[in-house]
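Undergrad: File name final26.cif; file contents mmCIF, C-alpha atoms; full text below.
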data_coords
loop_
_atom_site.label_atom_id
_atom_site.label_comp_id
_atom_site.auth_asym_id
_atom_site.auth_seq_id
_atom_site.Cartn_x
_atom_site.Cartn_y
_atom_site.Cartn_z
CA ALA A 1 -28.09 66.65 58.12
CA GLN A 2 -27.55 64.73 54.92
CA ARG A 3 -25.82 66.79 52.33
CA VAL A 4 -23.93 66.37 49.07
CA THR A 5 -21.61 69.03 47.70
CA GLN A 6 -20.39 69.20 44.15
CA PRO A 7 -18.34 72.38 44.15
CA GLU A 8 -18.02 72.85 40.39
CA LYS A 9 -21.17 73.75 38.46
CA LEU A 10 -19.26 73.67 35.19
CA LEU A 11 -16.05 71.95 34.25
CA SER A 12 -14.52 72.52 30.83
CA VAL A 13 -11.54 70.48 29.62
CA PHE A 14 -9.90 69.68 26.32
CA LYS A 15 -10.20 66.26 24.73
CA GLY A 16 -7.50 63.97 26.05
CA ALA A 17 -7.01 65.89 29.26
CA PRO A 18 -7.61 64.32 32.67
CA VAL A 19 -10.82 65.18 34.42
CA GLU A 20 -11.87 65.05 38.06
CA LEU A 21 -15.38 65.83 39.27
CA LYS A 22 -15.44 66.44 42.99
CA CYS A 23 -18.02 65.21 45.46
CA ASN A 24 -18.11 65.62 49.22
CA TYR A 25 -20.89 64.20 51.31
CA SER A 26 -22.27 64.34 54.81
CA TYR A 27 -24.39 61.31 55.49
CA SER A 28 -25.03 59.34 58.65
CA GLY A 29 -23.85 55.78 58.86
CA SER A 30 -22.04 54.16 55.96
CA PRO A 31 -23.80 55.28 52.80
CA GLU A 32 -23.62 53.56 49.49
CA LEU A 33 -22.23 55.90 46.84
CA PHE A 34 -23.18 56.37 43.23
CA TRP A 35 -22.48 58.59 40.27
CA TYR A 36 -25.30 59.23 37.82
CA VAL A 37 -24.99 60.83 34.39
CA GLN A 38 -27.41 62.59 32.08
CA TYR A 39 -26.39 62.93 28.45
CA SER A 40 -28.17 65.39 26.20
CA ARG A 41 -31.75 64.28 25.47
CA GLN A 42 -31.35 61.09 27.49
CA ARG A 43 -32.66 59.92 30.82
CA LEU A 44 -30.68 60.17 33.98
CA GLN A 45 -28.83 56.89 34.38
CA LEU A 46 -26.36 55.16 36.63
CA LEU A 47 -22.71 55.61 35.70
CA LEU A 48 -21.06 53.66 38.45
CA ARG A 49 -21.45 52.56 42.05
CA HIS A 50 -18.74 52.33 44.67
CA ILE A 51 -19.67 48.87 45.88
CA SER A 52 -18.88 47.38 42.48
CA ARG A 53 -15.35 48.82 42.34
CA GLU A 54 -15.87 49.10 38.61
CA SER A 55 -14.61 51.30 35.81
CA ILE A 56 -17.31 52.43 33.41
CA LYS A 57 -16.47 54.25 30.17
CA GLY A 58 -13.01 54.83 31.62
CA PHE A 59 -14.35 56.53 34.75
CA THR A 60 -13.43 55.47 38.27
CA ALA A 61 -14.42 56.88 41.63
CA ASP A 62 -12.37 56.77 44.79
CA LEU A 63 -14.03 56.73 48.16
CA ASN A 64 -12.14 58.52 50.92
CA LYS A 65 -14.04 57.89 54.13
CA GLY A 66 -11.78 60.17 56.13
CA GLU A 67 -12.52 63.12 53.88
CA THR A 68 -16.03 61.85 53.04
CA SER A 69 -15.31 62.35 49.38
CA PHE A 70 -16.16 60.31 46.30
CA HIS A 71 -14.47 62.05 43.40
CA LEU A 72 -15.02 60.86 39.84
CA LYS A 73 -11.98 60.63 37.60
CA LYS A 74 -11.03 59.83 34.04
CA PRO A 75 -7.47 60.02 32.74
CA PHE A 76 -8.32 61.05 29.16
CA ALA A 77 -11.60 62.87 28.54
CA GLN A 78 -13.54 62.29 25.33
CA GLU A 79 -16.05 64.56 23.63
CA GLU A 80 -18.82 62.04 24.27
CA ASP A 81 -18.22 62.46 28.01
CA SER A 82 -19.88 65.86 27.84
CA ALA A 83 -22.89 65.54 30.15
CA MET A 84 -24.32 66.42 33.54
CA TYR A 85 -22.90 64.35 36.40
CA TYR A 86 -24.51 63.83 39.78
CA CYS A 87 -22.99 62.38 42.91
CA ALA A 88 -25.58 60.44 44.92
CA PRO A 89 -25.16 58.82 48.32
CA ALA A 90 -27.82 56.44 49.58
CA ASP A 91 -28.55 54.86 52.93
CA THR A 92 -27.57 51.26 53.50
CA GLY A 93 -29.89 49.25 51.31
CA GLY A 94 -30.17 52.19 48.97
CA PHE A 95 -33.72 53.22 49.70
CA LYS A 96 -33.16 56.90 50.27
CA THR A 97 -30.88 58.39 47.64
CA ILE A 98 -30.03 62.08 47.62
CA PHE A 99 -28.31 63.99 44.86
CA GLY A 100 -25.80 66.77 44.58
CA ALA A 101 -26.45 69.87 42.50
CA GLY A 102 -24.53 68.35 39.62
CA THR A 103 -21.50 69.26 37.55
CA ARG A 104 -21.77 69.93 33.86
CA LEU A 105 -18.73 68.56 32.05
CA PHE A 106 -17.88 70.04 28.69
CA VAL A 107 -15.13 68.38 26.71
CA LYS A 108 -13.75 70.57 23.96
CA ALA A 109 -12.27 69.25 20.73
CA ASP B 1 -40.72 47.67 26.38
CA GLY B 2 -39.82 47.76 30.07
CA GLY B 3 -39.27 50.96 31.92
CA ILE B 4 -40.79 53.92 33.66
CA THR B 5 -43.40 56.07 31.99
CA GLN B 6 -44.26 59.54 33.17
CA SER B 7 -47.17 61.57 31.89
CA PRO B 8 -47.82 64.17 30.81
CA LYS B 9 -44.47 65.43 29.54
CA TYR B 10 -45.64 69.03 29.70
CA LEU B 11 -48.37 70.45 31.87
CA PHE B 12 -49.67 73.94 32.43
CA ARG B 13 -51.70 74.86 35.44
CA LYS B 14 -53.31 77.96 36.81
CA GLU B 15 -52.47 79.10 40.30
CA GLY B 16 -54.72 77.54 42.90
CA GLN B 17 -55.26 74.29 41.00
CA ASN B 18 -54.10 70.88 42.05
CA VAL B 19 -52.44 68.72 39.41
CA THR B 20 -51.50 65.05 39.39
CA LEU B 21 -48.46 63.65 37.63
CA SER B 22 -48.51 60.02 36.64
CA CYS B 23 -45.68 57.52 37.05
CA GLU B 24 -46.02 53.90 35.95
CA GLN B 25 -43.38 51.17 35.92
CA ASN B 26 -43.39 47.64 34.54
CA LEU B 27 -40.03 46.65 36.02
CA ASN B 28 -41.63 44.90 38.99
CA HIS B 29 -39.71 47.20 41.30
CA ASP B 30 -40.77 47.61 44.92
CA ALA B 31 -39.45 51.12 45.58
CA MET B 32 -40.49 54.26 43.76
CA TYR B 33 -39.43 57.88 44.09
CA TRP B 34 -40.34 61.43 43.13
CA TYR B 35 -37.66 64.08 42.69
CA ARG B 36 -37.87 67.71 41.75
CA GLN B 37 -35.15 69.11 39.51
CA ASP B 38 -34.41 72.84 39.48
CA PRO B 39 -31.50 74.55 37.72
CA GLY B 40 -28.46 74.75 39.96
CA GLN B 41 -30.06 72.65 42.69
CA GLY B 42 -29.85 69.16 41.33
CA LEU B 43 -32.51 66.67 42.32
CA ARG B 44 -34.38 67.04 45.58
CA LEU B 45 -36.36 64.17 47.03
CA ILE B 46 -40.08 64.80 47.46
CA TYR B 47 -41.51 61.41 48.47
CA TYR B 48 -40.49 57.80 48.24
CA SER B 49 -42.22 54.49 48.70
CA GLN B 50 -40.49 51.25 49.59
CA ILE B 51 -43.55 49.07 49.23
CA VAL B 52 -47.21 49.21 48.30
CA ASN B 53 -49.42 51.17 50.71
CA ASP B 54 -46.42 52.80 52.36
CA PHE B 55 -44.51 56.00 51.62
CA GLN B 56 -42.21 58.45 53.36
CA LYS B 57 -41.60 62.15 53.06
CA GLY B 58 -38.43 63.27 51.45
CA ASP B 59 -36.65 66.55 51.98
CA ILE B 60 -39.23 68.82 50.31
CA ALA B 61 -42.62 67.13 50.81
CA GLU B 62 -44.58 70.25 51.76
CA GLY B 63 -47.27 71.03 49.21
CA TYR B 64 -47.14 67.57 47.64
CA SER B 65 -49.03 64.34 48.20
CA VAL B 66 -48.66 60.78 46.90
CA SER B 67 -50.37 57.43 46.99
CA ARG B 68 -49.13 53.89 46.41
CA GLU B 69 -52.14 51.67 45.92
CA LYS B 70 -50.48 49.51 43.26
CA LYS B 71 -46.93 48.33 42.86
CA GLU B 72 -46.79 49.72 39.34
CA SER B 73 -48.06 53.20 40.07
CA PHE B 74 -46.89 56.15 42.20
CA PRO B 75 -48.79 59.32 41.28
CA LEU B 76 -47.72 62.71 42.62
CA THR B 77 -50.20 65.49 43.31
CA VAL B 78 -48.89 69.02 43.34
CA THR B 79 -51.32 70.92 45.50
CA SER B 80 -52.15 74.60 45.58
CA ALA B 81 -50.20 74.75 48.84
CA GLN B 82 -46.92 74.28 46.98
CA LYS B 83 -45.52 77.78 46.80
CA ASN B 84 -43.23 77.37 43.83
CA PRO B 85 -44.50 74.44 41.79
CA THR B 86 -43.01 75.31 38.41
CA ALA B 87 -40.29 72.69 37.97
CA PHE B 88 -39.19 69.52 36.27
CA TYR B 89 -40.35 66.38 38.07
CA LEU B 90 -38.60 63.03 37.83
CA CYS B 91 -39.94 59.67 38.88
CA ALA B 92 -37.66 56.71 39.59
CA SER B 93 -37.86 53.13 40.73
CA ARG B 94 -35.48 50.73 42.40
CA GLY B 95 -35.49 46.98 42.27
CA GLY B 96 -34.72 44.53 44.99
CA GLY B 97 -31.30 43.38 46.02
CA SER B 98 -28.41 45.47 47.21
CA THR B 99 -27.39 47.27 44.04
CA GLY B 100 -29.36 50.38 44.87
CA GLU B 101 -29.56 51.55 41.25
CA LEU B 102 -32.37 53.94 40.41
CA PHE B 103 -34.12 53.85 37.03
CA PHE B 104 -35.59 57.14 35.89
CA GLY B 105 -38.47 58.27 33.75
CA GLU B 106 -38.18 61.01 31.15
CA GLY B 107 -39.72 63.59 33.44
CA SER B 108 -42.69 65.94 33.50
CA ARG B 109 -42.36 69.68 33.20
CA LEU B 110 -44.98 71.60 35.15
CA THR B 111 -45.53 75.29 34.53
CA VAL B 112 -47.82 77.32 36.70
CA LEU B 113 -49.26 80.35 34.95
#
With the file now loaded, output its structure as structure tokens.

TA:
Amino acid sequence: AQRVTQPEKLLSVFKGAPVELKCNYSYSGSPELFWYVQYSRQRLQLLLRHISRESIKGFTADLNKGETSFHLKKPFAQEEDSAMYYCAPADTGGFKTIFGAGTRLFVKA
Amino acid sequence: DGGITQSPKYLFRKEGQNVTLSCEQNLNHDAMYWYRQDPGQGLRLIYYSQIVNDFQKGDIAEGYSVSREKKESFPLTVTSAQKNPTAFYLCASRGGGSTGELFFGEGSRLTVL
């Protein structure tokens, strides 16, 4: 069965500290992997996608196919990073995207 | 102003009534989606449509129905058979190509009284 696990419901860190949001997935085939973010009073939006190998707002995500993990990392958290983060694998072609339960990141001053 | 528009934002319904949530997009996207968002459970896929006149069940389709008669529109009907309909509903669309990015609406909150 397809499944996404984000083990932390809430993650609280101080400004300037490193942050890692964990994601483990179980998905048939070779899924495409995404992280979405929802800031307060804003729409859910794409943060980054694995296929682009990009760094967005200082965030990167490492795919470990052996562990089927796609953890999101940032070396120095900022207060504006406070948001809800969702890990989201999709089938090849991206038509069926499923979401994890989400991790709320709170960055303290 | 391009994007996805969901209506209504808030909706109250009595038990036993069907209700239809609207989702319209002017992004010229082929694929459209409906998700249900509950606290602590993230987003769960209800239905999705890859092209006009075609749609597939997601993980929690029971008690819901959809139609896709136009590319721009993907309405969701919450039927009286849905046992726990009170939730926040999100509509999304996806364009062509291989990027796979979903674009979301602002959501509709349904409360069953």

Undergrad: Can you list what the PyMOL selection byres ((chain B and resi 66) around 9) grabs from this structure, as a VMD selection string?

TA: chain B and resid 47 to 48 55 64 to 65 67 to 68 74 to 78

Undergrad: So that I can check the surroundings of Leu45 (chain B), please list as a PyMOL selection string every protein, DNA and RNA residue that reaches within 7 Å of it, counting all atoms listed in the file and ignoring chain neighbours fewer than 4 positions away.

TA: (chain A and resi 98) or (chain B and resi 34-36+58-60)

Undergrad: Residues of chain A near chain B: apply a cut-off of 7 Å, count only C-alpha atoms, and supply the list as an MDAnalysis selection string.

TA: chainID A and resid 43:46 93:94 98:102

Undergrad: Using only the atoms of region 42-45 of chain B listed in the file, plus 4 Å on each side, state the axis-aligned box centre and edge lengths in Å rounded to one decimal, as AutoDock Vina command-line options.

TA:
--center_x -33.1 --center_y 66.7 --center_z 44.2 --size_x 14.5 --size_y 13.0 --size_z 13.7

Undergrad: Check the smallest atom-to-atom distance from each of A:Ala17, A:Ala77, A:Leu10, A:Ala88 to Leu105 (chain A) using all atoms listed in the file, then report the winner.

TA: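 So, comparing all the options, the nearest one is A:Leu10.
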
Undergrad: Taking only C-alpha atoms into account, which of B:Val19, B:Leu11, B:Leu27, B:Ile46 comes nearest Cys91 (chain B)?

TA: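 Of B:Val19, B:Leu11, B:Leu27, B:Ile46, the one nearest Cys91 (chain B) is B:Ile46, counting only C-alpha atoms.
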
Undergrad: CA of Val107 (chain A) to CA of Glu67 (chain A): how many Å, to one decimal?

TA: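 Value for the CA of Val107 (chain A)-CA of Glu67 (chain A) distance: 27.8 Å.
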
Undergrad: Decode the PyMOL selection byres ((chain A and resi 64-66) around 12) for the given file into explicit residues and return them as a PyMOL selection string.

TA: chain A and resi 22-33+50+61-63+67-72

Undergrad: For CA of His29 (chain B) and CA of Arg49 (chain A), quote the distance in Å rounded to one decimal.

TA: 19.0 Å

Undergrad: Can you tell me how far CA of Phe59 (chain A) sits from CA of Thr5 (chain B), in Å to one decimal?

TA: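 We find that CA of Phe59 (chain A) and CA of Thr5 (chain B) lie 29.2 Å from each other.
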
Undergrad: Please extract chain A and write it out with C-alpha atoms, as a compact mmCIF listing (two decimals), in the first residue's frame.

TA:
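Heads up, here's the output in decode_13.txt:
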# COMPACT_ATOMS: atom_id res chain seq x y z
CA ALA A 1 0.00 0.00 0.00
CA GLN A 2 1.10 3.55 -0.64
CA ARG A 3 1.97 5.33 2.53
CA VAL A 4 3.83 8.42 3.71
CA THR A 5 5.07 8.81 7.27
CA GLN A 6 6.09 12.08 8.84
CA PRO A 7 6.93 11.03 12.38
CA GLU A 8 6.99 14.48 13.98
CA LYS A 9 3.69 16.34 14.29
CA LEU A 10 5.45 19.35 15.79
CA LEU A 11 9.03 20.46 15.57
CA SER A 12 10.20 23.46 17.57
CA VAL A 13 13.68 24.94 17.07
CA PHE A 14 15.44 28.19 17.84
CA LYS A 15 16.29 30.67 15.13
CA GLY A 16 19.64 29.83 13.59
CA ALA A 17 19.51 26.18 14.57
CA PRO A 18 19.54 23.39 11.98
CA VAL A 19 16.26 21.73 11.19
CA GLU A 20 15.39 18.37 9.68
CA LEU A 21 11.86 17.28 8.87
CA LYS A 22 11.66 13.54 8.34
CA CYS A 23 9.71 11.72 5.67
CA ASN A 24 9.56 8.02 4.94
CA TYR A 25 7.47 6.62 2.13
CA SER A 26 6.19 3.34 0.81
CA TYR A 27 5.25 3.68 -2.82
CA SER A 28 5.38 1.25 -5.70
CA GLY A 29 7.72 1.93 -8.57
CA SER A 30 9.91 5.01 -8.59
CA PRO A 31 7.82 7.87 -7.27
CA GLU A 32 8.51 11.50 -7.81
CA LEU A 33 8.96 13.29 -4.50
CA PHE A 34 7.84 16.70 -3.36
CA TRP A 35 7.69 18.87 -0.29
CA TYR A 36 4.77 21.27 0.04
CA VAL A 37 4.44 24.09 2.56
CA GLN A 38 1.53 26.01 4.00
CA TYR A 39 2.29 29.32 5.67
CA SER A 40 -0.26 30.95 7.93
CA ARG A 41 -3.26 32.23 5.95
CA GLN A 42 -1.76 31.14 2.64
CA ARG A 43 -2.52 28.38 0.20
CA LEU A 44 -0.68 25.12 0.19
CA GLN A 45 2.18 25.49 -2.26
CA LEU A 46 5.14 23.60 -3.63
CA LEU A 47 8.40 24.08 -1.75
CA LEU A 48 10.67 21.85 -3.73
CA ARG A 49 10.75 18.73 -5.87
CA HIS A 50 13.43 16.07 -5.92
CA ILE A 51 13.75 15.93 -9.69
CA SER A 52 14.94 19.54 -9.80
CA ARG A 53 17.76 18.99 -7.28
CA GLU A 54 17.11 22.53 -6.14
CA SER A 55 17.48 24.51 -2.95
CA ILE A 56 14.51 26.72 -2.15
CA LYS A 57 14.62 29.25 0.69
CA GLY A 58 17.70 27.43 1.95
CA PHE A 59 15.91 24.07 2.14
CA THR A 60 17.21 20.92 0.49
CA ALA A 61 15.86 17.38 0.47
CA ASP A 62 17.88 14.22 0.16
CA LEU A 63 16.41 11.14 -1.40
CA ASN A 64 17.62 7.85 0.06
CA LYS A 65 16.12 5.10 -2.06
CA GLY A 66 17.49 2.38 0.18
CA GLU A 67 15.75 3.78 3.22
CA THR A 68 12.87 5.22 1.15
CA SER A 69 13.31 8.53 2.88
CA PHE A 70 13.14 12.11 1.64
CA HIS A 71 14.08 14.27 4.60
CA LEU A 72 13.90 18.06 4.36
CA LYS A 73 16.80 20.02 5.81
CA LYS A 74 17.89 23.58 6.42
CA PRO A 75 21.15 24.49 8.15
CA PHE A 76 19.92 27.71 9.80
CA ALA A 77 16.21 28.06 10.52
CA GLN A 78 14.52 31.46 10.28
CA GLU A 79 11.35 32.66 11.96
CA GLU A 80 9.63 32.96 8.59
CA ASP A 81 10.12 29.22 8.10
CA SER A 82 7.39 28.58 10.65
CA ALA A 83 4.72 26.69 8.71
CA MET A 84 3.14 23.32 8.05
CA TYR A 85 5.24 21.04 5.85
CA TYR A 86 3.97 18.06 3.88
CA CYS A 87 5.95 15.33 2.20
CA ALA A 88 4.23 14.15 -0.99
CA PRO A 89 5.24 11.30 -3.27
CA ALA A 90 3.59 10.96 -6.66
CA ASP A 91 3.50 8.24 -9.27
CA THR A 92 5.67 8.61 -12.34
CA GLY A 93 4.13 11.44 -14.29
CA GLY A 94 2.81 12.90 -11.08
CA PHE A 95 -0.85 12.20 -11.55
CA LYS A 96 -1.58 10.60 -8.22
CA THR A 97 0.00 12.53 -5.37
CA ILE A 98 -0.46 11.47 -1.76
CA PHE A 99 0.44 13.46 1.31
CA GLY A 100 1.84 12.76 4.73
CA ALA A 101 0.13 13.96 7.89
CA GLY A 102 2.40 16.98 7.98
CA THR A 103 4.90 18.47 10.40
CA ARG A 104 4.35 21.85 11.97
CA LEU A 105 7.63 23.71 12.26
CA PHE A 106 7.85 26.46 14.83
CA VAL A 107 10.98 28.59 14.82
CA LYS A 108 11.47 30.52 18.04
CA ALA A 109 13.25 33.85 18.26
